[in-house]
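Visitor: Contents of structure.cif (mmCIF, C-alpha atoms):
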```cif
data_upload
#
loop_
_atom_site.group_PDB
_atom_site.id
_atom_site.type_symbol
_atom_site.label_atom_id
_atom_site.label_comp_id
_atom_site.auth_asym_id
_atom_site.auth_seq_id
_atom_site.Cartn_x
_atom_site.Cartn_y
_atom_site.Cartn_z
ATOM 1 C CA GLY J 1 -25.175 -33.229 7.450
ATOM 2 C CA ALA J 2 -23.648 -35.980 9.516
ATOM 3 C CA VAL J 3 -25.065 -38.585 11.819
ATOM 4 C CA MET J 4 -23.292 -40.975 14.124
ATOM 5 C CA ALA J 5 -22.034 -44.244 12.704
ATOM 6 C CA ASP J 6 -23.312 -47.604 13.839
ATOM 7 C CA ASP J 7 -21.112 -49.489 16.250
ATOM 8 C CA THR J 8 -20.780 -52.945 14.793
ATOM 9 C CA SER J 9 -19.773 -56.118 16.574
ATOM 10 C CA GLU J 10 -17.382 -57.347 13.921
ATOM 11 C CA SER J 11 -14.151 -58.964 14.997
ATOM 12 C CA PRO J 12 -10.845 -57.744 13.584
ATOM 13 C CA ARG J 13 -9.330 -59.961 10.912
ATOM 14 C CA GLY J 14 -5.772 -60.103 9.676
ATOM 15 C CA ASP J 15 -4.990 -60.561 5.997
ATOM 16 C CA ALA J 16 -2.087 -62.905 6.598
ATOM 17 C CA SER J 17 -1.045 -65.349 3.917
ATOM 18 C CA PRO J 18 -2.290 -68.956 4.390
ATOM 19 C CA SER J 19 1.311 -70.199 4.441
ATOM 20 C CA THR J 20 2.092 -69.211 8.039
ATOM 21 C CA SER J 21 3.409 -72.519 9.398
ATOM 22 C CA SER J 22 6.813 -70.977 10.155
ATOM 23 C CA ILE J 23 5.309 -68.161 12.237
ATOM 24 C CA THR J 24 5.317 -68.633 15.983
ATOM 25 C CA PRO J 25 1.806 -68.285 17.455
ATOM 26 C CA ILE J 26 1.246 -65.286 19.731
ATOM 27 C CA ASP J 27 -0.010 -66.440 23.111
ATOM 28 C CA ASP J 28 -0.059 -63.047 24.820
ATOM 29 C CA PRO J 29 -3.472 -61.423 24.100
ATOM 30 C CA ALA J 30 -2.014 -57.938 24.586
ATOM 31 C CA SER J 31 0.636 -58.602 21.947
ATOM 32 C CA LEU J 32 -1.989 -59.969 19.587
ATOM 33 C CA THR J 33 -4.172 -56.883 20.075
ATOM 34 C CA SER J 34 -1.195 -54.637 19.434
ATOM 35 C CA LEU J 35 -0.297 -56.540 16.271
ATOM 36 C CA LEU J 36 -3.840 -56.412 14.924
ATOM 37 C CA ALA J 37 -4.075 -52.700 15.644
ATOM 38 C CA SER J 38 -0.809 -51.949 13.872
ATOM 39 C CA VAL J 39 -1.789 -53.985 10.802
ATOM 40 C CA SER J 40 -5.220 -52.347 10.651
ATOM 41 C CA LEU J 41 -3.943 -48.808 11.055
ATOM 42 C CA SER J 42 -1.304 -49.250 8.381
ATOM 43 C CA GLU J 43 -3.995 -50.377 5.953
ATOM 44 C CA THR J 44 -6.735 -47.883 6.749
ATOM 45 C CA THR J 45 -5.164 -44.582 7.787
ATOM 46 C CA SER J 46 -6.282 -41.843 5.403
ATOM 47 C CA PRO J 47 -4.627 -38.481 4.734
ATOM 48 C CA ALA J 48 -5.811 -35.690 7.021
ATOM 49 C CA PRO J 49 -8.598 -33.517 5.568
ATOM 50 C CA ILE J 50 -7.509 -30.200 4.042
ATOM 51 C CA LEU J 51 -9.462 -27.009 4.730
ATOM 52 C CA LEU J 52 -9.576 -24.807 1.634
ATOM 53 C CA ASP J 53 -9.975 -21.242 2.907
ATOM 54 C CA THR J 54 -8.328 -19.228 0.123
ATOM 55 C CA ILE J 55 -9.647 -18.807 -3.407
ATOM 56 C CA ALA J 56 -6.291 -19.830 -4.896
ATOM 57 C CA GLU J 57 -6.102 -23.147 -3.010
ATOM 58 C CA CYS J 58 -9.755 -23.897 -3.626
ATOM 59 C CA ALA J 59 -9.475 -23.286 -7.366
ATOM 60 C CA LYS J 60 -6.231 -25.277 -7.616
ATOM 61 C CA HIS J 61 -7.545 -28.450 -5.994
ATOM 62 C CA LEU J 62 -11.042 -28.368 -7.497
ATOM 63 C CA THR J 63 -9.680 -27.743 -10.999
ATOM 64 C CA VAL J 64 -7.726 -31.005 -10.702
ATOM 65 C CA LEU J 65 -10.942 -32.870 -9.797
ATOM 66 C CA ILE J 66 -12.845 -31.210 -12.645
ATOM 67 C CA ASP J 67 -10.130 -32.081 -15.166
ATOM 68 C CA ARG J 68 -10.052 -35.722 -14.044
ATOM 69 C CA GLY J 69 -13.798 -36.049 -14.494
ATOM 70 C CA ASP J 70 -14.155 -38.936 -12.033
ATOM 71 C CA PRO J 71 -17.099 -39.198 -9.611
ATOM 72 C CA VAL J 72 -16.711 -37.131 -6.437
ATOM 73 C CA ALA J 73 -18.450 -37.604 -3.103
ATOM 74 C CA VAL J 74 -19.962 -34.423 -1.681
ATOM 75 C CA ASP J 75 -21.748 -33.258 1.448
ATOM 76 C CA PHE J 76 -22.504 -29.949 3.112
ATOM 77 C CA GLU J 77 -22.737 -28.645 6.668
ATOM 78 C CA GLY J 78 -24.464 -25.549 7.962
ATOM 79 C CA VAL J 79 -26.782 -23.899 10.432
ATOM 80 C CA SER J 80 -30.376 -25.113 9.972
ATOM 81 C CA LEU J 81 -29.283 -26.235 6.529
ATOM 82 C CA SER J 82 -32.096 -25.751 4.010
ATOM 83 C CA ARG J 83 -33.191 -22.972 1.688
ATOM 84 C CA GLU J 84 -33.418 -20.586 4.657
ATOM 85 C CA GLY J 85 -30.415 -21.770 6.664
ATOM 86 C CA ARG J 86 -26.740 -20.921 6.268
ATOM 87 C CA LEU J 87 -24.486 -23.245 4.289
ATOM 88 C CA CYS J 88 -21.045 -23.131 5.911
ATOM 89 C CA LEU J 89 -18.898 -25.982 4.598
ATOM 90 C CA ALA J 90 -18.652 -28.210 1.520
ATOM 91 C CA GLN J 91 -16.912 -31.586 1.781
ATOM 92 C CA ILE J 92 -15.477 -33.244 -1.337
ATOM 93 C CA ALA J 93 -13.813 -36.657 -1.611
ATOM 94 C CA SER J 94 -12.020 -37.930 -4.699
ATOM 95 C CA VAL J 95 -12.349 -41.531 -5.862
ATOM 96 C CA ASP J 96 -8.581 -41.738 -5.204
ATOM 97 C CA VAL J 97 -8.299 -42.908 -1.588
ATOM 98 C CA THR J 98 -4.722 -41.606 -1.335
ATOM 99 C CA GLN J 99 -6.085 -38.063 -1.692
ATOM 100 C CA PRO J 100 -7.361 -36.087 1.311
ATOM 101 C CA VAL J 101 -10.939 -34.961 1.747
ATOM 102 C CA PHE J 102 -11.211 -31.283 0.800
ATOM 103 C CA LEU J 103 -13.334 -28.992 2.954
ATOM 104 C CA VAL J 104 -14.320 -25.740 1.249
ATOM 105 C CA ASP J 105 -14.791 -22.946 3.799
ATOM 106 C CA VAL J 106 -17.937 -21.284 2.480
ATOM 107 C CA VAL J 107 -18.159 -19.047 5.568
ATOM 108 C CA LYS J 108 -14.852 -17.429 4.683
ATOM 109 C CA LEU J 109 -15.025 -17.542 0.874
ATOM 110 C CA GLY J 110 -18.736 -16.870 0.377
ATOM 111 C CA PHE J 111 -19.980 -16.616 -3.216
ATOM 112 C CA ASP J 112 -16.387 -16.599 -4.503
ATOM 113 C CA ALA J 113 -16.061 -20.263 -3.502
ATOM 114 C CA PHE J 114 -18.597 -21.119 -6.199
ATOM 115 C CA GLY J 115 -17.191 -18.753 -8.835
ATOM 116 C CA LYS J 116 -13.454 -18.159 -8.750
ATOM 117 C CA GLY J 117 -13.005 -21.120 -6.402
ATOM 118 C CA LYS J 118 -14.564 -23.496 -8.988
ATOM 119 C CA LEU J 119 -16.982 -25.177 -6.554
ATOM 120 C CA GLY J 120 -19.947 -24.143 -8.713
ATOM 121 C CA ALA J 121 -18.327 -25.562 -11.850
ATOM 122 C CA LEU J 122 -17.785 -28.902 -10.110
ATOM 123 C CA LEU J 123 -21.280 -29.158 -8.618
ATOM 124 C CA GLN J 124 -23.037 -28.038 -11.814
ATOM 125 C CA SER J 125 -21.002 -30.217 -14.166
ATOM 126 C CA ALA J 126 -23.282 -32.385 -16.288
ATOM 127 C CA THR J 127 -20.555 -35.023 -16.759
ATOM 128 C CA ILE J 128 -19.038 -35.439 -13.285
ATOM 129 C CA VAL J 129 -21.128 -37.694 -11.041
ATOM 130 C CA LYS J 130 -21.725 -36.302 -7.546
ATOM 131 C CA LEU J 131 -22.231 -38.993 -4.913
ATOM 132 C CA ILE J 132 -24.297 -37.696 -2.000
ATOM 133 C CA PHE J 133 -26.297 -39.200 0.854
ATOM 134 C CA ASP J 134 -29.755 -37.565 0.813
ATOM 135 C CA CYS J 135 -29.594 -34.668 -1.614
ATOM 136 C CA ARG J 136 -32.720 -32.809 -0.506
ATOM 137 C CA SER J 137 -31.624 -30.144 2.025
ATOM 138 C CA ASP J 138 -28.219 -29.659 0.410
ATOM 139 C CA ARG J 139 -29.751 -29.143 -3.031
ATOM 140 C CA ASP J 140 -32.226 -26.578 -1.648
ATOM 141 C CA ALA J 141 -29.505 -24.695 0.226
ATOM 142 C CA LEU J 142 -27.213 -24.524 -2.801
ATOM 143 C CA PHE J 143 -29.917 -23.244 -5.113
ATOM 144 C CA HIS J 144 -31.657 -20.767 -2.840
ATOM 145 C CA GLN J 145 -28.553 -19.398 -1.110
ATOM 146 C CA PHE J 146 -26.009 -19.436 -3.945
ATOM 147 C CA GLY J 147 -27.944 -19.975 -7.172
ATOM 148 C CA VAL J 148 -26.132 -23.272 -7.786
ATOM 149 C CA THR J 149 -28.022 -26.183 -9.363
ATOM 150 C CA LEU J 150 -26.596 -29.522 -8.226
ATOM 151 C CA GLN J 151 -26.420 -31.714 -11.344
ATOM 152 C CA ASN J 152 -25.649 -35.333 -12.215
ATOM 153 C CA VAL J 153 -26.408 -36.511 -8.691
ATOM 154 C CA TYR J 154 -26.219 -40.124 -7.525
ATOM 155 C CA ASP J 155 -28.054 -40.338 -4.209
ATOM 156 C CA ILE J 156 -26.579 -43.179 -2.145
ATOM 157 C CA GLN J 157 -29.533 -43.076 0.268
ATOM 158 C CA VAL J 158 -31.804 -44.260 -2.552
ATOM 159 C CA VAL J 159 -29.795 -47.361 -3.406
ATOM 160 C CA TYR J 160 -29.071 -48.121 0.245
ATOM 161 C CA CYS J 161 -32.808 -48.222 0.904
ATOM 162 C CA MET J 162 -33.186 -50.544 -2.098
ATOM 163 C CA ARG J 163 -30.543 -52.817 -0.593
ATOM 164 C CA CYS J 164 -32.499 -52.844 2.673
ATOM 165 C CA ASP J 165 -35.647 -53.728 0.697
ATOM 166 C CA GLU J 166 -33.839 -56.671 -0.859
ATOM 167 C CA LEU J 167 -32.650 -57.969 2.503
ATOM 168 C CA ALA J 168 -36.076 -57.525 4.109
ATOM 169 C CA GLY J 169 -38.001 -59.047 1.196
ATOM 170 C CA PHE J 170 -40.392 -56.070 1.077
ATOM 171 C CA ARG J 171 -40.353 -52.289 0.585
ATOM 172 C CA VAL J 172 -39.160 -50.623 3.778
ATOM 173 C CA GLY J 173 -41.319 -47.550 4.332
ATOM 174 C CA ARG J 174 -38.894 -45.446 6.341
ATOM 175 C CA LEU J 175 -35.711 -43.812 5.123
ATOM 176 C CA LYS J 176 -32.394 -45.241 6.238
ATOM 177 C CA GLY J 177 -29.813 -42.699 7.378
ATOM 178 C CA LEU J 178 -26.065 -42.407 7.004
ATOM 179 C CA LYS J 179 -25.558 -43.943 10.442
ATOM 180 C CA ALA J 180 -27.055 -47.225 9.250
ATOM 181 C CA ALA J 181 -25.283 -47.045 5.884
ATOM 182 C CA LEU J 182 -21.877 -46.548 7.523
ATOM 183 C CA GLY J 183 -22.610 -49.577 9.693
ATOM 184 C CA ASP J 184 -23.310 -51.640 6.569
ATOM 185 C CA CYS J 185 -20.585 -50.092 4.414
ATOM 186 C CA PRO J 186 -18.470 -52.775 2.716
ATOM 187 C CA GLY J 187 -14.705 -52.964 2.930
ATOM 188 C CA LEU J 188 -14.240 -51.539 6.432
ATOM 189 C CA ASP J 189 -12.362 -53.522 9.059
ATOM 190 C CA PHE J 190 -13.014 -53.501 12.798
ATOM 191 C CA GLN J 191 -10.411 -50.827 13.502
ATOM 192 C CA ARG J 192 -11.829 -48.422 10.931
ATOM 193 C CA ARG J 193 -15.405 -48.919 12.119
ATOM 194 C CA THR J 194 -14.262 -48.180 15.668
ATOM 195 C CA GLU J 195 -12.465 -45.041 14.473
ATOM 196 C CA ILE J 196 -15.595 -43.831 12.652
ATOM 197 C CA VAL J 197 -17.744 -44.201 15.755
ATOM 198 C CA LYS J 198 -15.197 -42.312 17.859
ATOM 199 C CA VAL J 199 -14.874 -39.469 15.333
ATOM 200 C CA LYS J 200 -18.644 -39.074 15.038
ATOM 201 C CA GLN J 201 -19.207 -39.151 18.794
ATOM 202 C CA THR J 202 -16.453 -36.596 19.441
ATOM 203 C CA GLY J 203 -17.750 -34.318 16.685
ATOM 204 C CA ALA J 204 -21.335 -34.607 17.902
ATOM 205 C CA ALA J 205 -20.204 -33.607 21.387
ATOM 206 C CA ALA J 206 -18.363 -30.554 20.002
ATOM 207 C CA TYR J 207 -21.449 -29.560 18.054
ATOM 208 C CA ALA J 208 -23.695 -29.986 21.095
ATOM 209 C CA ASP J 209 -21.415 -27.712 23.150
ATOM 210 C CA ALA J 210 -21.801 -24.812 20.710
ATOM 211 C CA GLU J 211 -24.229 -22.051 21.597
ATOM 212 C CA ASN J 212 -27.250 -21.459 19.352
ATOM 213 C CA GLY J 213 -26.368 -24.424 17.138
ATOM 214 C CA ASP J 214 -23.893 -22.304 15.155
ATOM 215 C CA ALA J 215 -20.872 -24.596 15.498
ATOM 216 C CA TRP J 216 -20.314 -24.779 11.725
ATOM 217 C CA GLU J 217 -20.127 -20.981 11.438
ATOM 218 C CA LYS J 218 -17.451 -20.395 14.049
ATOM 219 C CA ARG J 219 -13.829 -20.001 12.985
ATOM 220 C CA PRO J 220 -11.325 -21.458 13.431
ATOM 221 C CA LEU J 221 -13.227 -24.684 12.834
ATOM 222 C CA PRO J 222 -12.386 -27.189 15.597
ATOM 223 C CA HIS J 223 -10.389 -30.264 14.600
ATOM 224 C CA GLU J 224 -13.211 -32.473 15.919
ATOM 225 C CA LEU J 225 -15.692 -30.970 13.446
ATOM 226 C CA ILE J 226 -13.231 -31.179 10.564
ATOM 227 C CA GLU J 227 -12.828 -34.921 11.146
ATOM 228 C CA TYR J 228 -16.571 -35.312 11.683
ATOM 229 C CA ALA J 229 -17.369 -33.622 8.367
ATOM 230 C CA ALA J 230 -14.787 -35.633 6.435
ATOM 231 C CA VAL J 231 -16.257 -38.979 7.486
ATOM 232 C CA ASP J 232 -19.555 -38.080 5.795
ATOM 233 C CA VAL J 233 -17.976 -38.295 2.327
ATOM 234 C CA GLN J 234 -15.020 -40.585 2.913
ATOM 235 C CA TYR J 235 -16.909 -43.842 2.355
ATOM 236 C CA LEU J 236 -19.547 -42.904 -0.231
ATOM 237 C CA HIS J 237 -17.355 -44.253 -3.046
ATOM 238 C CA LEU J 238 -17.268 -47.677 -1.368
ATOM 239 C CA MET J 239 -21.061 -47.635 -1.028
ATOM 240 C CA TYR J 240 -21.445 -46.561 -4.662
ATOM 241 C CA ASP J 241 -19.287 -49.420 -5.915
ATOM 242 C CA GLU J 242 -21.240 -51.915 -3.812
ATOM 243 C CA TRP J 243 -24.812 -50.733 -4.423
ATOM 244 C CA LYS J 244 -24.875 -48.906 -7.776
ATOM 245 C CA HIS J 245 -26.216 -52.042 -9.501
ATOM 246 C CA PHE J 246 -29.589 -51.260 -7.918
ATOM 247 C CA MET J 247 -30.124 -48.192 -10.121
ATOM 248 C CA LYS J 248 -28.516 -46.729 -13.243
ATOM 249 C CA GLN J 249 -27.758 -43.010 -13.517
ATOM 250 C CA GLY J 250 -30.634 -42.286 -15.924
ATOM 251 C CA LYS J 251 -33.247 -43.630 -13.518
ATOM 252 C CA MET J 252 -31.466 -41.945 -10.595
ATOM 253 C CA ASP J 253 -31.782 -38.562 -12.343
ATOM 254 C CA THR J 254 -35.562 -39.040 -12.432
ATOM 255 C CA VAL J 255 -35.774 -40.137 -8.790
ATOM 256 C CA VAL J 256 -33.543 -37.309 -7.544
ATOM 257 C CA ALA J 257 -35.575 -34.690 -9.431
ATOM 258 C CA LYS J 258 -38.733 -35.809 -7.599
ATOM 259 C CA ARG J 259 -37.270 -36.146 -4.098
ATOM 260 C CA LYS J 260 -39.065 -34.024 -1.474
ATOM 261 C CA ARG J 261 -39.112 -34.075 2.295
ATOM 262 C CA LYS J 262 -42.025 -35.881 3.940
ATOM 263 C CA LYS J 263 -43.150 -35.840 7.528
ATOM 264 C CA GLY J 264 -40.723 -37.577 9.861
ATOM 265 C CA SER J 265 -38.529 -40.088 8.055
ATOM 266 C CA ALA J 266 -41.211 -41.319 5.655
ATOM 267 C CA ARG J 267 -39.751 -42.550 2.400
ATOM 268 C CA ASP J 268 -40.216 -40.255 -0.604
ATOM 269 C CA PHE J 269 -39.316 -42.590 -3.476
#
```
Turn the structure described in the file into structure tokens.
Guide:
Amino acid sequence: GAVMADDTSESPRGDASPSTSSITPIDDPASLTSLLASVSLSETTSPAPILLDTIAECAKHLTVLIDRGDPVAVDFEGVSLSREGRLCLAQIASVDVTQPVFLVDVVKLGFDAFGKGKLGALLQSATIVKLIFDCRSDRDALFHQFGVTLQNVYDIQVVYCMRCDELAGFRVGRLKGLKAALGDCPGLDFQRRTEIVKVKQTGAAAYADAENGDAWEKRPLPHELIEYAAVDVQYLHLMYDEWKHFMKQGKMDTVVAKRKRKKGSARDF
């Protein structure tokens, strides 16, 4: 599930070469803003997410990810998502940033998404690392609704909380959400952070407008929710690279196996 990104107060920075003595300074603030925006967009624009709503397309793209064997970032959306709720969408991001985020339409494909569509093979692979932010509800939904056991999980929420502990100098007792993690995510410039906030706000508004909280079940899926869902996995690889030194996979397996929901946002590890 997604939560709104932090709005940071960073200033945009150009990556111009130090040897700029021959470049005429830009005095017009509007021109400077335009230049910064164009540089930022050219560096950060990602391919549009792709909705996989046929078995053939789903199997084709997921087979490529399975064959590569690289870590994948995953997340799931649904209605009251837990063991009793309804899982509606699976988001998958490759480590290759030139590749789009894939959104598997579980509403349309149902159990076939996990069988013929190869989603089950990917999620249950013991060799492919699945990066996820807070595995608890998603893991319950997958197992109880589709009989899928999420394996080889690396929970980014765990190491993000450890990073917060390090900065604070003591163990922080409350869980930190994806909103905070996106705000602290390394490698994002001002333009991208602004885009994330806008996408999350627009998606949250679209979700709030839906009757009975069933926005993720309705088809066709609105563009705003497609973008909203994609952001949840798009930056987990960056977080993994930055914070994985806090915990190795073997220890993470033990922590993930014991994770359970506690009252409120109390920390469970």
Visitor: For the structure provided, state which residues fall under the PyMOL selection byres ((chain J and resi 120-134) around 8), and present them as a ChimeraX atom specification.
Guide: /J:62,65-66,69-75,113-115,117-119,135-137,148-158,178,233,236-237,240
Visitor: Neighbouring residues of stretch 252-268 of chain J were defined as those with any atom within 6 Å, considering all atoms listed in the file; residues of the same chain fewer than 2 positions away were excluded. Please report them as a list of chain:residue names.
Guide: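 Skipping anything fewer than 2 positions along the chain leaves J:Gly173, J:Arg174, J:Leu175, J:Gln249, J:Gly250.
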Visitor: Could you spell out the hits of the PyMOL selection byres ((chain J and resi 217) around 8) on the shown file, as a list of chain:residue names?
Guide: J:Gly78, J:Val79, J:Cys88, J:Val107, J:Asp214, J:Ala215, J:Trp216, J:Lys218, J:Arg219, J:Leu221
Visitor: Give me, please, the distance in Å between atom CA of J:Phe102 and atom CA of J:Val231, quoted to one decimal.
Guide: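 If I compute the distance from atom CA of J:Phe102 to atom CA of J:Val231, I get 11.4 Å.
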Visitor: Name the closest residue to J:Ala48 among the candidates J:Ala180, J:Ala93, J:Phe170, J:Val197; distances are taken between atoms, counting all atoms listed in the file.
Guide: J:Ala93
Visitor: Hey, can you check how far atom CA of J:Pro100 sits from atom CA of J:Phe146?
Guide: 25.5 Å
Visitor: Please report the interatomic distance between atom CA of J:Pro222 and atom CA of J:Lys200 in Å with one decimal.
Guide: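 One can read the atom CA of J:Pro222 to atom CA of J:Lys200 distance as 13.4 Å.
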Visitor: J:Thr194, J:Gln91, J:Thr202, J:Ser82: which is nearest J:His144, counting only C-alpha atoms?
Guide: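 Counting only C-alpha atoms, the residue closest to J:His144 is J:Ser82.
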Visitor: Pull out every residue that the PyMOL selection byres ((chain J and resi 145) around 9) matches in the shown coordinates and put them as number ranges by chain.
Guide: J: 82-87, 140-144, 146-148
Visitor: Just checking: using all atoms listed in the file, which residue out of J:Asp53, J:Glu77, J:Glu224, J:Asp241 ends up closest to J:Asp138?
Guide: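 Of J:Asp53, J:Glu77, J:Glu224, J:Asp241, the one nearest J:Asp138 is J:Glu77, counting all atoms listed in the file.
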Visitor: When distances are computed from only C-alpha atoms, which of J:Pro47, J:Gly213, J:Gly169, J:Gly203 shows the smallest separation from J:Asp232?
Guide: J:Gly203
Visitor: For J:Thr54, work out the shell of residues within 10 Å, counting all atoms listed in the file and skipping chain neighbours fewer than 4 positions away, then give it as a list of chain:residue names.
Guide: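 Residues meeting the cut-off are J:Cys58, J:Ala59, J:Val104, J:Asp105, J:Lys108, J:Leu109, J:Asp112, J:Ala113, J:Gly117.
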Visitor: Output stretch 182-209 of chain J from the block with N, CA and C atoms, as a short mmCIF file (atom, residue, chain, number, x, y, z; two decimals), in the first residue's frame?
Guide:
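File produced: decode.cif:
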```cif
data_model
loop_
_atom_site.label_atom_id
_atom_site.label_comp_id
_atom_site.auth_asym_id
_atom_site.auth_seq_id
_atom_site.Cartn_x
_atom_site.Cartn_y
_atom_site.Cartn_z
N LEU J 182 10.68 7.76 1.58
CA LEU J 182 10.80 8.46 0.30
C LEU J 182 11.42 9.84 0.50
N GLY J 183 11.08 10.49 1.61
CA GLY J 183 11.67 11.79 1.90
C GLY J 183 13.16 11.72 2.14
N ASP J 184 13.62 10.58 2.67
CA ASP J 184 15.05 10.39 2.96
C ASP J 184 15.79 9.61 1.88
N CYS J 185 15.06 9.18 0.85
CA CYS J 185 15.66 8.33 -0.17
C CYS J 185 16.83 9.02 -0.86
N PRO J 186 17.97 8.36 -0.96
CA PRO J 186 19.14 8.97 -1.59
C PRO J 186 18.97 9.07 -3.10
N GLY J 187 19.73 9.96 -3.71
CA GLY J 187 19.82 9.99 -5.16
C GLY J 187 18.67 10.66 -5.88
N LEU J 188 17.79 11.35 -5.16
CA LEU J 188 16.66 12.02 -5.81
C LEU J 188 16.88 13.53 -5.79
N ASP J 189 16.75 14.17 -6.93
CA ASP J 189 16.91 15.61 -6.98
C ASP J 189 15.60 16.31 -6.63
N PHE J 190 15.65 17.62 -6.58
CA PHE J 190 14.49 18.42 -6.17
C PHE J 190 13.29 18.17 -7.08
N GLN J 191 13.55 18.11 -8.39
CA GLN J 191 12.46 17.93 -9.35
C GLN J 191 11.76 16.60 -9.12
N ARG J 192 12.54 15.54 -8.93
CA ARG J 192 11.93 14.23 -8.73
C ARG J 192 11.14 14.17 -7.43
N ARG J 193 11.68 14.74 -6.38
CA ARG J 193 10.95 14.75 -5.10
C ARG J 193 9.62 15.48 -5.24
N THR J 194 9.64 16.58 -5.98
CA THR J 194 8.41 17.34 -6.22
C THR J 194 7.41 16.51 -7.01
N GLU J 195 7.92 15.79 -8.02
CA GLU J 195 7.05 14.93 -8.83
C GLU J 195 6.41 13.83 -7.98
N ILE J 196 7.19 13.23 -7.07
CA ILE J 196 6.68 12.17 -6.22
C ILE J 196 5.52 12.68 -5.36
N VAL J 197 5.72 13.83 -4.75
CA VAL J 197 4.68 14.41 -3.90
C VAL J 197 3.40 14.65 -4.70
N LYS J 198 3.55 15.19 -5.90
CA LYS J 198 2.39 15.47 -6.74
C LYS J 198 1.65 14.18 -7.12
N VAL J 199 2.40 13.17 -7.52
CA VAL J 199 1.80 11.88 -7.92
C VAL J 199 1.04 11.26 -6.75
N LYS J 200 1.64 11.29 -5.56
CA LYS J 200 1.01 10.68 -4.40
C LYS J 200 -0.23 11.45 -3.97
N GLN J 201 -0.17 12.77 -4.03
CA GLN J 201 -1.33 13.57 -3.66
C GLN J 201 -2.49 13.36 -4.63
N THR J 202 -2.17 13.33 -5.92
CA THR J 202 -3.21 13.14 -6.95
C THR J 202 -3.83 11.75 -6.82
N GLY J 203 -3.00 10.74 -6.59
CA GLY J 203 -3.50 9.38 -6.42
C GLY J 203 -4.35 9.23 -5.17
N ALA J 204 -3.90 9.87 -4.09
CA ALA J 204 -4.66 9.80 -2.83
C ALA J 204 -6.04 10.44 -3.01
N ALA J 205 -6.09 11.53 -3.77
CA ALA J 205 -7.37 12.19 -4.02
C ALA J 205 -8.29 11.30 -4.83
N ALA J 206 -7.75 10.60 -5.83
CA ALA J 206 -8.54 9.69 -6.65
C ALA J 206 -9.07 8.53 -5.82
N TYR J 207 -8.24 8.05 -4.91
CA TYR J 207 -8.66 6.96 -4.03
C TYR J 207 -9.77 7.43 -3.09
N ALA J 208 -9.61 8.63 -2.55
CA ALA J 208 -10.60 9.16 -1.61
C ALA J 208 -11.95 9.38 -2.27
N ASP J 209 -11.96 9.66 -3.57
CA ASP J 209 -13.20 9.91 -4.30
C ASP J 209 -13.99 8.64 -4.58
#
```
